[in-house]
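Just protein.pdb here, PDB, C-alpha atoms and all ligand atoms:
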```pdb
ATOM      1  CA  MET V 804       4.562  13.062  -8.850
ATOM      2  CA  THR V 805       4.515  15.827 -11.445
ATOM      3  CA  LYS V 806       3.449  19.398 -10.911
ATOM      4  CA  ASN V 807       0.272  18.700 -12.895
ATOM      5  CA  SER V 808      -0.688  15.650 -10.874
ATOM      6  CA  PHE V 809      -0.469  17.297  -7.441
ATOM      7  CA  PRO V 810      -3.745  16.089  -5.938
ATOM      8  CA  CYS V 811      -4.407  18.856  -3.400
ATOM      9  CA  VAL V 812      -5.103  21.616  -5.936
ATOM     10  CA  ARG V 813      -8.845  21.541  -6.555
ATOM     11  CA  LEU V 814      -9.598  24.694  -8.509
ATOM     12  CA  LEU V 815      -8.641  24.682 -12.187
ATOM     13  CA  PHE V 816      -9.204  27.416 -14.756
ATOM     14  CA  ALA V 817     -10.030  27.099 -18.435
ATOM     15  CA  GLY V 818     -11.249  29.665 -20.952
ATOM     16  CA  GLU V 819      -9.724  31.701 -23.735
ATOM     17  CA  ALA V 820      -8.126  34.144 -21.312
ATOM     18  CA  THR V 821      -6.031  31.357 -19.758
ATOM     19  CA  SER V 822      -4.459  30.435 -23.087
ATOM     20  CA  PRO V 823      -0.959  31.929 -23.264
ATOM     21  CA  THR V 824      -0.812  31.746 -27.064
ATOM     22  CA  ALA V 825      -4.401  31.801 -28.394
ATOM     23  CA  PHE V 826      -6.294  34.093 -26.020
ATOM     24  CA  GLY V 827      -9.353  35.796 -27.448
ATOM     25  CA  THR V 828     -10.143  32.889 -29.786
ATOM     26  CA  LEU V 829     -12.372  29.815 -29.886
ATOM     27  CA  HIS V 830      -9.245  27.773 -30.546
ATOM     28  CA  GLY V 831      -7.665  29.014 -27.297
ATOM     29  CA  ALA V 832     -10.869  28.312 -25.373
ATOM     30  CA  ARG V 833     -10.986  24.745 -26.666
ATOM     31  CA  LEU V 834      -7.292  24.046 -26.028
ATOM     32  CA  SER V 835      -7.582  25.379 -22.499
ATOM     33  CA  GLY V 836     -10.560  23.080 -21.871
ATOM     34  CA  VAL V 837      -8.628  20.057 -23.100
ATOM     35  CA  ARG V 838      -5.607  21.096 -21.001
ATOM     36  CA  GLU V 839      -7.655  21.355 -17.798
ATOM     37  CA  ALA V 840      -9.542  18.128 -18.516
ATOM     38  CA  ASP V 841      -6.160  16.383 -18.775
ATOM     39  CA  ARG V 842      -5.186  17.878 -15.423
ATOM     40  CA  VAL V 843      -8.403  16.605 -13.835
ATOM     41  CA  LEU V 844      -7.623  13.091 -15.102
ATOM     42  CA  ASP V 845      -3.993  13.332 -13.877
ATOM     43  CA  ARG V 846      -5.152  14.385 -10.450
ATOM     44  CA  MET V 847      -7.770  11.669 -10.229
ATOM     45  CA  GLU V 848      -5.067   9.113 -11.022
ATOM     46  CA  ALA V 849      -2.746  10.639  -8.414
ATOM     47  CA  VAL V 850      -5.468  10.442  -5.756
ATOM     48  CA  GLU V 851      -6.154   6.808  -6.670
ATOM     49  CA  ARG V 852      -2.414   6.015  -6.445
ATOM     50  CA  MET V 853      -2.246   7.658  -3.014
ATOM     51  CA  ALA V 854      -5.310   5.730  -1.818
ATOM     52  CA  ARG V 855      -3.758   2.452  -3.019
ATOM     53  CA  GLU V 856      -0.462   3.322  -1.296
ATOM     54  CA  ILE V 857      -2.205   4.183   1.963
ATOM     55  CA  GLY V 858      -4.135   0.912   1.743
ATOM     56  CA  ARG V 859      -0.889  -0.994   1.122
ATOM     57  CA  ILE V 860       0.840   0.671   4.100
ATOM     58  CA  ALA V 861      -2.200  -0.053   6.267
ATOM     59  CA  VAL V 862      -2.098  -3.746   5.336
ATOM     60  CA  VAL V 863       1.649  -3.982   6.081
ATOM     61  CA  HIS V 864       1.083  -2.242   9.413
ATOM     62  CA  GLU V 865      -1.710  -4.679  10.257
ATOM     63  CA  VAL V 866       0.379  -7.715   9.302
ATOM     64  CA  ASN V 867       3.218  -6.408  11.462
ATOM     65  CA  GLY V 868       0.935  -6.295  14.489
ATOM     66  CA  GLY V 869       0.421  -2.535  14.631
ATOM     67  CA  GLY V 870      -2.797  -0.638  15.067
ATOM     68  CA  GLY V 871      -5.115   0.128  17.910
ATOM     69  CA  GLY V 872      -7.791  -1.954  19.560
ATOM     70  CA  GLY V 873     -10.488  -3.788  17.663
ATOM     71  CA  GLY V 874      -8.154  -4.671  14.820
ATOM     72  CA  GLN V 875      -7.971  -1.110  13.511
ATOM     73  CA  ASN V 876      -4.680   0.268  12.263
ATOM     74  CA  GLN V 877      -3.417   3.828  12.606
ATOM     75  CA  PHE V 878      -5.442   4.890   9.549
ATOM     76  CA  GLY V 879      -8.699   3.684  11.059
ATOM     77  CA  PHE V 880      -9.008   0.882   8.503
ATOM     78  CA  LYS V 881      -9.897  -2.647   9.555
TER      79      LYS V 881
HETATM   80  C1  LIG A   1     -18.801  39.000 -31.562
HETATM   81  C2  LIG A   1     -17.675  38.006 -31.333
HETATM   82  C3  LIG A   1     -17.134  37.347 -32.431
HETATM   83  C4  LIG A   1     -16.100  36.439 -32.282
HETATM   84  N1  LIG A   1     -15.575  35.810 -33.358
HETATM   85  C5  LIG A   1     -14.580  34.926 -33.210
HETATM   86  C6  LIG A   1     -14.045  34.238 -34.336
HETATM   87  O1  LIG A   1     -14.434  34.463 -35.479
HETATM   88  N2  LIG A   1     -13.039  33.336 -34.126
HETATM   89  C7  LIG A   1     -12.562  33.061 -32.875
HETATM   90  O2  LIG A   1     -11.674  32.221 -32.735
HETATM   91  N3  LIG A   1     -13.069  33.709 -31.790
HETATM   92  C8  LIG A   1     -14.062  34.622 -31.922
HETATM   93  N4  LIG A   1     -14.574  35.253 -30.828
HETATM   94  C9  LIG A   1     -14.002  34.958 -29.510
HETATM   95  C10 LIG A   1     -14.582  33.662 -28.957
HETATM   96  O3  LIG A   1     -15.999  33.694 -29.082
HETATM   97  C11 LIG A   1     -14.185  33.563 -27.486
HETATM   98  O4  LIG A   1     -12.774  33.651 -27.367
HETATM   99  C12 LIG A   1     -14.620  32.230 -26.899
HETATM  100  O5  LIG A   1     -16.013  32.077 -27.056
HETATM  101  C13 LIG A   1     -14.234  32.180 -25.441
HETATM  102  O6  LIG A   1     -14.741  30.981 -24.913
HETATM  103  P1  LIG A   1     -14.686  30.750 -23.347
HETATM  104  O7  LIG A   1     -15.307  29.423 -23.108
HETATM  105  O8  LIG A   1     -13.305  31.010 -22.863
HETATM  106  O9  LIG A   1     -15.588  31.926 -22.738
HETATM  107  P2  LIG A   1     -17.113  32.229 -23.000
HETATM  108  O10 LIG A   1     -17.596  31.713 -24.319
HETATM  109  O11 LIG A   1     -17.242  33.713 -22.739
HETATM  110  O12 LIG A   1     -17.845  31.382 -21.897
HETATM  111  C14 LIG A   1     -17.877  31.801 -20.556
HETATM  112  C15 LIG A   1     -19.207  31.389 -19.984
HETATM  113  O13 LIG A   1     -19.177  31.588 -18.560
HETATM  114  C16 LIG A   1     -20.384  32.180 -18.197
HETATM  115  N5  LIG A   1     -20.132  32.895 -16.948
HETATM  116  C17 LIG A   1     -19.442  34.028 -16.771
HETATM  117  N6  LIG A   1     -19.407  34.367 -15.492
HETATM  118  C18 LIG A   1     -20.092  33.420 -14.842
HETATM  119  C19 LIG A   1     -20.417  33.209 -13.480
HETATM  120  N7  LIG A   1     -20.024  34.041 -12.517
HETATM  121  N8  LIG A   1     -21.117  32.125 -13.147
HETATM  122  C20 LIG A   1     -21.499  31.257 -14.105
HETATM  123  N9  LIG A   1     -21.237  31.398 -15.403
HETATM  124  C21 LIG A   1     -20.543  32.472 -15.765
HETATM  125  C22 LIG A   1     -20.769  33.084 -19.338
HETATM  126  O14 LIG A   1     -22.171  33.322 -19.329
HETATM  127  C23 LIG A   1     -20.362  32.217 -20.522
HETATM  128  O15 LIG A   1     -21.399  31.340 -20.935
HETATM  129  C24 LIG A   1     -15.602  36.174 -30.983
HETATM  130  C25 LIG A   1     -16.157  36.819 -29.878
HETATM  131  C26 LIG A   1     -17.170  37.730 -30.042
HETATM  132  C27 LIG A   1     -17.771  38.430 -28.854
END
```

Please re-express this file's structure in structure tokens.
Ligand SMILES: Cc1cc2nc3c(=O)[nH]c(=O)nc-3n(C[C@H](O)[C@H](O)[C@H](O)COP(=O)(O)OP(=O)(O)OC[C@H]3O[C@@H](n4cnc5c(N)ncnc54)[C@H](O)[C@@H]3O)c2cc1C
Amino acid sequence: MTKNSFPCVRLLFAGEATSPTAFGTLHGARLSGVREADRVLDRMEAVERMAREIGRIAVVHEVNGGGGGGGQNQFGFK
């Protein structure tokens, strides 16, 4: 997992003032918007990967006979 894909960070900042090289310009504002949009996409993918991994672990746990009553595993999934 890269620094930019860390899924727990939920507040991202764009705007000309966040551009280290082109602050005070339309160009900097646009680049910062593209940069943060890329981060949003990275983080969405990271969350999806984590959800798939949790689902995979849950299935393995279920197959191995783990989980609580009613067929639920430790994650609360059936
Ligand atoms: C007169 C003038 C001429 C310029 N000419 C040029 C030029 O020729 N070339 C160039 O590259 N740059 C120029 N600039 C700079 C350029 O306009 C800005 O760098 C760019 O618009 C910044 O874009 P931004 O999206 O970061 O911020 P902004 O365009 O300032 O957008 C921020 C938005 O957030 C809104 N907002 C603020 N606070 C809140 C809040 N609490 N809640 C909700 N909304 C909020 C504001 O109303 C605004 O709509 C000029 C600026 C000015 C003032």

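One distance worth recording is that between atom CA of Ala832 of chain V and atom C12 of ligand LIG 1 (chain A), which is 5.6 Å.
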
- Surrounding residues as number ranges by chain, ligand LIG 1 (chain A), max 6 Å, all atoms listed in the file: V: 818-819, 827-830, 832

Determine the axis-aligned bounding box of all atoms of segment 823-836 of chain V present in the file, pad each side by 5 Å, and express its centre and edge lengths in Å to one decimal place as AutoDock Vina command-line options.
```
--center_x -6.6 --center_y 29.4 --center_z -26.2 --size_x 21.6 --size_y 22.7 --size_z 18.7
```

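Note that atom CA of Arg855 of chain V and atom CA of Gly868 of chain V are 20.1 Å apart.
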
- Query: What does the distance between atom CA of Arg838 of chain V and atom CA of Thr821 of chain V come to in Å, to one decimal place?
  - Reply: 10.3 Å

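Each of V:Val850, V:Val866, V:Ile860, V:Ala817 was checked against Leu834 of chain V using all atoms listed in the file; the smallest atom-to-atom distance is that of V:Ala817.
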